[in-house]
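J.: The structure's right below; bear with me while I get my questions together.
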Amino acid sequence: MSDQKDVFSYQKAEESSGFLLWQVTNLWQREIRKTLEPFGLTHSQFVLMASIHWLSLHQQDVTQILLSGHTRIDPMTTSTVLRSLQAKGLVIRTEHPVDTRAKTVGLTEEGIRITRLAVVAVEKFDREFFSVLEPELENFHSGIKQLMKGRGG
């Protein structure tokens, strides 16, 4: 039987950037789920609702395809999550006034109310979670953006 140790290029698991990213992502996702639980939202639902709210402040028409590109959630998943939010009475989907192939999406009054409350909670959590990176937080953001840009983002 061959020696299994020689397949790893690191002496310690915590020297692996991918392994560290996986660990911190799982930690952050677990905590964000707890933060969103009182609002009855999954993280994907929150991201889409917050993005609808954000884009509606900066765009005329928020379409599903614009939303998918903004969030980087694939179009099919975006559509599925939006349908569930529509069933909850939080999102409205209508035919686009010009492009009949497109759907325009918006938040209901209840959707706006929940989104605003959830954004405050999530931003508070993020500030606390990432505060350990101060004063290097800008460098952290820059590094994350470089990773996304380098991978087609």
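Residue numbering restarts at 1 in every chain; chains get A, B, ... in the order shown in the structure tokens, and ligands count up from 1 in that same order.
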Output as a PyMOL selection string all residues of range 18-151 of chain A that backbone DSSP marks as strand (DSSP E).

T.: chain A and resi 91-95+103-107

J.: Would you list the contacts of range 81-96 of chain A as a PyMOL selection string, taking every protein, DNA or RNA residue within 8 Å and counting only C-alpha atoms, but skipping same-chain residues closer than 2 positions in sequence?

T.: chain A and resi 44-45+48-49+63+77-79+98-112

J.: Convert the current residue selection to file output with N, CA, C and O atoms, as a CSV table (one decimal), in the first residue's frame.

T.:
```csv
chain,number,residue,atom,x,y,z
A,44,SER,N,-31.2,32.2,0.3
A,44,SER,CA,-31.5,32.6,-1.1
A,44,SER,C,-32.7,33.5,-1.2
A,44,SER,O,-32.7,34.4,-2.0
A,45,GLN,N,-33.8,33.2,-0.4
A,45,GLN,CA,-34.9,34.1,-0.5
A,45,GLN,C,-34.6,35.5,0.0
A,45,GLN,O,-35.0,36.5,-0.6
A,48,LEU,N,-32.5,37.4,-2.8
A,48,LEU,CA,-33.4,37.8,-3.9
A,48,LEU,C,-34.2,39.0,-3.4
A,48,LEU,O,-34.4,40.0,-4.2
A,49,MET,N,-34.8,38.9,-2.3
A,49,MET,CA,-35.7,40.0,-1.8
A,49,MET,C,-34.9,41.3,-1.6
A,49,MET,O,-35.3,42.4,-2.0
A,63,THR,N,-36.1,42.8,-13.6
A,63,THR,CA,-36.6,41.6,-14.3
A,63,THR,C,-35.9,40.4,-13.6
A,63,THR,O,-34.9,40.5,-12.9
A,77,THR,N,-33.0,28.6,-10.7
A,77,THR,CA,-33.1,28.7,-9.3
A,77,THR,C,-33.8,30.0,-8.9
A,77,THR,O,-34.7,30.0,-8.0
A,78,THR,N,-33.4,31.1,-9.5
A,78,THR,CA,-34.1,32.4,-9.3
A,78,THR,C,-35.6,32.2,-9.5
A,78,THR,O,-36.3,32.7,-8.6
A,79,SER,N,-36.0,31.7,-10.6
A,79,SER,CA,-37.4,31.5,-10.9
A,79,SER,C,-38.1,30.7,-9.8
A,79,SER,O,-39.2,31.0,-9.3
A,98,VAL,N,-42.8,45.7,-22.0
A,98,VAL,CA,-42.3,45.8,-23.4
A,98,VAL,C,-41.8,44.4,-23.9
A,98,VAL,O,-42.2,44.0,-25.0
A,99,ASP,N,-41.1,43.7,-23.1
A,99,ASP,CA,-40.5,42.4,-23.5
A,99,ASP,C,-41.4,41.3,-22.9
A,99,ASP,O,-41.4,41.0,-21.7
A,100,THR,N,-42.2,40.7,-23.8
A,100,THR,CA,-43.2,39.7,-23.3
A,100,THR,C,-42.6,38.4,-22.8
A,100,THR,O,-43.2,37.6,-22.2
A,101,ARG,N,-41.3,38.2,-23.2
A,101,ARG,CA,-40.6,37.0,-22.7
A,101,ARG,C,-40.1,37.2,-21.2
A,101,ARG,O,-39.8,36.3,-20.5
A,102,ALA,N,-40.1,38.5,-20.8
A,102,ALA,CA,-39.5,38.8,-19.5
A,102,ALA,C,-40.6,38.9,-18.4
A,102,ALA,O,-41.7,39.3,-18.7
A,103,LYS,N,-40.1,38.6,-17.2
A,103,LYS,CA,-41.0,38.9,-16.0
A,103,LYS,C,-40.4,40.0,-15.2
A,103,LYS,O,-39.2,40.1,-14.9
A,104,THR,N,-41.3,40.9,-14.8
A,104,THR,CA,-40.9,42.0,-13.9
A,104,THR,C,-41.2,41.5,-12.5
A,104,THR,O,-42.3,40.9,-12.3
A,105,VAL,N,-40.3,41.8,-11.5
A,105,VAL,CA,-40.6,41.4,-10.2
A,105,VAL,C,-40.5,42.6,-9.2
A,105,VAL,O,-39.8,43.5,-9.5
A,106,GLY,N,-41.3,42.5,-8.2
A,106,GLY,CA,-41.3,43.5,-7.2
A,106,GLY,C,-41.7,42.9,-5.8
A,106,GLY,O,-42.2,41.8,-5.8
A,107,LEU,N,-41.5,43.7,-4.8
A,107,LEU,CA,-41.9,43.3,-3.5
A,107,LEU,C,-43.3,43.8,-3.2
A,107,LEU,O,-43.7,44.9,-3.5
A,108,THR,N,-44.1,43.0,-2.4
A,108,THR,CA,-45.4,43.4,-1.9
A,108,THR,C,-45.1,44.3,-0.7
A,108,THR,O,-43.9,44.4,-0.3
A,109,GLU,N,-46.1,45.0,-0.2
A,109,GLU,CA,-45.9,45.8,1.0
A,109,GLU,C,-45.3,44.9,2.2
A,109,GLU,O,-44.4,45.4,2.9
A,110,GLU,N,-45.8,43.7,2.3
A,110,GLU,CA,-45.3,42.8,3.4
A,110,GLU,C,-43.9,42.4,3.0
A,110,GLU,O,-43.0,42.3,3.9
A,111,GLY,N,-43.6,42.2,1.8
A,111,GLY,CA,-42.2,41.9,1.3
A,111,GLY,C,-41.3,43.0,1.7
A,111,GLY,O,-40.1,42.8,2.1
A,112,ILE,N,-41.7,44.2,1.4
A,112,ILE,CA,-40.8,45.4,1.7
A,112,ILE,C,-40.6,45.5,3.2
A,112,ILE,O,-39.5,45.7,3.7
```

J.: Find the distance between CA of Leu41 in chain A and CA of Thr115 in chain A and write it in Å to one decimal.

T.: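 Taking CA of Leu41 in chain A as the start and CA of Thr115 in chain A as the end point, the length is 9.7 Å.
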
J.: Report as a tab-separated table: every residue of range 5-56 of chain A with an atom at most 8 Å from range 66-74 of chain A, its closest pair of atoms, and their distance in Å to one decimal, counting only C-alpha atoms, with rows sorted by chain and ascending residue number.

T.:
```
residue	atom	partner	partner_atom	distance
A:Val47	CA	A:Thr71	CA	7.2
A:Leu48	CA	A:Thr71	CA	7.1
A:Ser51	CA	A:Leu67	CA	7.0
A:Ile52	CA	A:Leu67	CA	7.0
```

J.: Could you check the closest approach to Phe130 in chain A for each of A:Phe8, A:Trp22, A:Trp54, A:Trp28 and tell me which residue wins, using only C-alpha atoms?

T.: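 That would be A:Trp28, the residue with the smallest distance to Phe130 in chain A.
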
J.: Can you tell me, as a PDB file with C-alpha atoms, in the first residue's frame, which residues in range 30-129 of chain A count as helix (DSSP H, G or I) by DSSP?

T.:
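selection10.pdb written:
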```pdb
ATOM      1  CA  ARG A  30     -24.939  28.522   9.747  1.00  0.00           C
ATOM      2  CA  GLU A  31     -25.050  31.859  11.570  1.00  0.00           C
ATOM      3  CA  ILE A  32     -26.863  33.676   8.756  1.00  0.00           C
ATOM      4  CA  ARG A  33     -29.548  30.945   8.808  1.00  0.00           C
ATOM      5  CA  LYS A  34     -30.063  31.680  12.525  1.00  0.00           C
ATOM      6  CA  THR A  35     -30.262  35.404  11.782  1.00  0.00           C
ATOM      7  CA  LEU A  36     -32.915  34.893   9.090  1.00  0.00           C
ATOM      8  CA  GLU A  37     -34.970  32.300  10.970  1.00  0.00           C
ATOM      9  CA  PRO A  38     -37.212  34.857  12.752  1.00  0.00           C
ATOM     10  CA  PHE A  39     -38.202  36.255   9.335  1.00  0.00           C
ATOM     11  CA  HIS A  43     -30.700  32.806   2.643  1.00  0.00           C
ATOM     12  CA  SER A  44     -31.522  32.565  -1.077  1.00  0.00           C
ATOM     13  CA  GLN A  45     -34.933  34.115  -0.454  1.00  0.00           C
ATOM     14  CA  PHE A  46     -33.345  36.932   1.524  1.00  0.00           C
ATOM     15  CA  VAL A  47     -30.710  37.611  -1.154  1.00  0.00           C
ATOM     16  CA  LEU A  48     -33.359  37.820  -3.857  1.00  0.00           C
ATOM     17  CA  MET A  49     -35.688  40.033  -1.794  1.00  0.00           C
ATOM     18  CA  ALA A  50     -32.878  42.361  -0.708  1.00  0.00           C
ATOM     19  CA  SER A  51     -31.668  42.542  -4.304  1.00  0.00           C
ATOM     20  CA  ILE A  52     -35.152  43.345  -5.608  1.00  0.00           C
ATOM     21  CA  HIS A  53     -35.339  46.153  -3.071  1.00  0.00           C
ATOM     22  CA  TRP A  54     -31.816  47.375  -3.919  1.00  0.00           C
ATOM     23  CA  LEU A  55     -32.333  47.212  -7.681  1.00  0.00           C
ATOM     24  CA  SER A  56     -35.739  48.875  -7.508  1.00  0.00           C
ATOM     25  CA  LEU A  57     -34.025  51.845  -5.868  1.00  0.00           C
ATOM     26  CA  HIS A  58     -31.480  51.957  -8.730  1.00  0.00           C
ATOM     27  CA  GLN A  64     -35.833  37.996 -13.304  1.00  0.00           C
ATOM     28  CA  ILE A  65     -32.810  37.943 -15.616  1.00  0.00           C
ATOM     29  CA  LEU A  66     -31.431  41.189 -14.140  1.00  0.00           C
ATOM     30  CA  LEU A  67     -31.973  39.744 -10.670  1.00  0.00           C
ATOM     31  CA  SER A  68     -30.266  36.486 -11.609  1.00  0.00           C
ATOM     32  CA  GLY A  69     -27.233  38.351 -12.951  1.00  0.00           C
ATOM     33  CA  HIS A  70     -27.054  40.664  -9.949  1.00  0.00           C
ATOM     34  CA  THR A  71     -27.199  37.836  -7.401  1.00  0.00           C
ATOM     35  CA  PRO A  75     -32.020  31.734 -13.732  1.00  0.00           C
ATOM     36  CA  MET A  76     -33.876  28.475 -13.005  1.00  0.00           C
ATOM     37  CA  THR A  77     -33.144  28.667  -9.274  1.00  0.00           C
ATOM     38  CA  THR A  78     -34.061  32.360  -9.273  1.00  0.00           C
ATOM     39  CA  SER A  79     -37.416  31.506 -10.851  1.00  0.00           C
ATOM     40  CA  THR A  80     -38.082  28.677  -8.376  1.00  0.00           C
ATOM     41  CA  VAL A  81     -37.246  30.814  -5.336  1.00  0.00           C
ATOM     42  CA  LEU A  82     -39.330  33.718  -6.668  1.00  0.00           C
ATOM     43  CA  ARG A  83     -42.308  31.382  -7.101  1.00  0.00           C
ATOM     44  CA  SER A  84     -42.017  30.342  -3.449  1.00  0.00           C
ATOM     45  CA  LEU A  85     -41.798  34.000  -2.382  1.00  0.00           C
ATOM     46  CA  GLN A  86     -44.822  34.786  -4.527  1.00  0.00           C
ATOM     47  CA  ALA A  87     -46.744  31.966  -2.821  1.00  0.00           C
ATOM     48  CA  GLU A 109     -45.900  45.780   1.028  1.00  0.00           C
ATOM     49  CA  GLU A 110     -45.306  42.829   3.366  1.00  0.00           C
ATOM     50  CA  GLY A 111     -42.230  41.883   1.337  1.00  0.00           C
ATOM     51  CA  ILE A 112     -40.830  45.394   1.723  1.00  0.00           C
ATOM     52  CA  ARG A 113     -41.511  45.343   5.472  1.00  0.00           C
ATOM     53  CA  ILE A 114     -39.808  41.976   6.006  1.00  0.00           C
ATOM     54  CA  THR A 115     -36.912  42.874   3.697  1.00  0.00           C
ATOM     55  CA  ARG A 116     -36.163  46.073   5.604  1.00  0.00           C
ATOM     56  CA  LEU A 117     -36.176  44.263   8.953  1.00  0.00           C
ATOM     57  CA  ALA A 118     -34.095  41.372   7.624  1.00  0.00           C
ATOM     58  CA  VAL A 119     -31.526  43.691   6.004  1.00  0.00           C
ATOM     59  CA  VAL A 120     -30.974  45.450   9.338  1.00  0.00           C
ATOM     60  CA  ALA A 121     -30.483  42.084  11.090  1.00  0.00           C
ATOM     61  CA  VAL A 122     -28.166  40.680   8.401  1.00  0.00           C
ATOM     62  CA  GLU A 123     -26.054  43.835   8.201  1.00  0.00           C
ATOM     63  CA  LYS A 124     -25.705  43.830  12.001  1.00  0.00           C
ATOM     64  CA  PHE A 125     -24.644  40.184  11.937  1.00  0.00           C
ATOM     65  CA  ASP A 126     -22.160  40.806   9.102  1.00  0.00           C
ATOM     66  CA  ARG A 127     -20.606  43.781  10.930  1.00  0.00           C
ATOM     67  CA  GLU A 128     -20.100  41.633  14.027  1.00  0.00           C
ATOM     68  CA  PHE A 129     -18.906  38.558  12.133  1.00  0.00           C
TER      69      PHE A 129
END
```

J.: Nearest to Leu147 in chain A among A:Val62, A:Val132, A:Val7, A:Leu21, with distances taken over only C-alpha atoms: which residue is it?

T.: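 Looking only at the distances to Leu147 in chain A, the closest residue turns out to be A:Leu21.
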
J.: CA of Ser17 in chain A and CA of Gln29 in chain A, how far apart in Å?

T.: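 Between CA of Gln29 in chain A and CA of Ser17 in chain A the gap is 17.8 Å.
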
J.: State, in Å with one decimal place, the distance from CA of Glu14 in chain A to CA of Leu27 in chain A.

T.: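 Between these atoms lies a distance of 15.0 Å.
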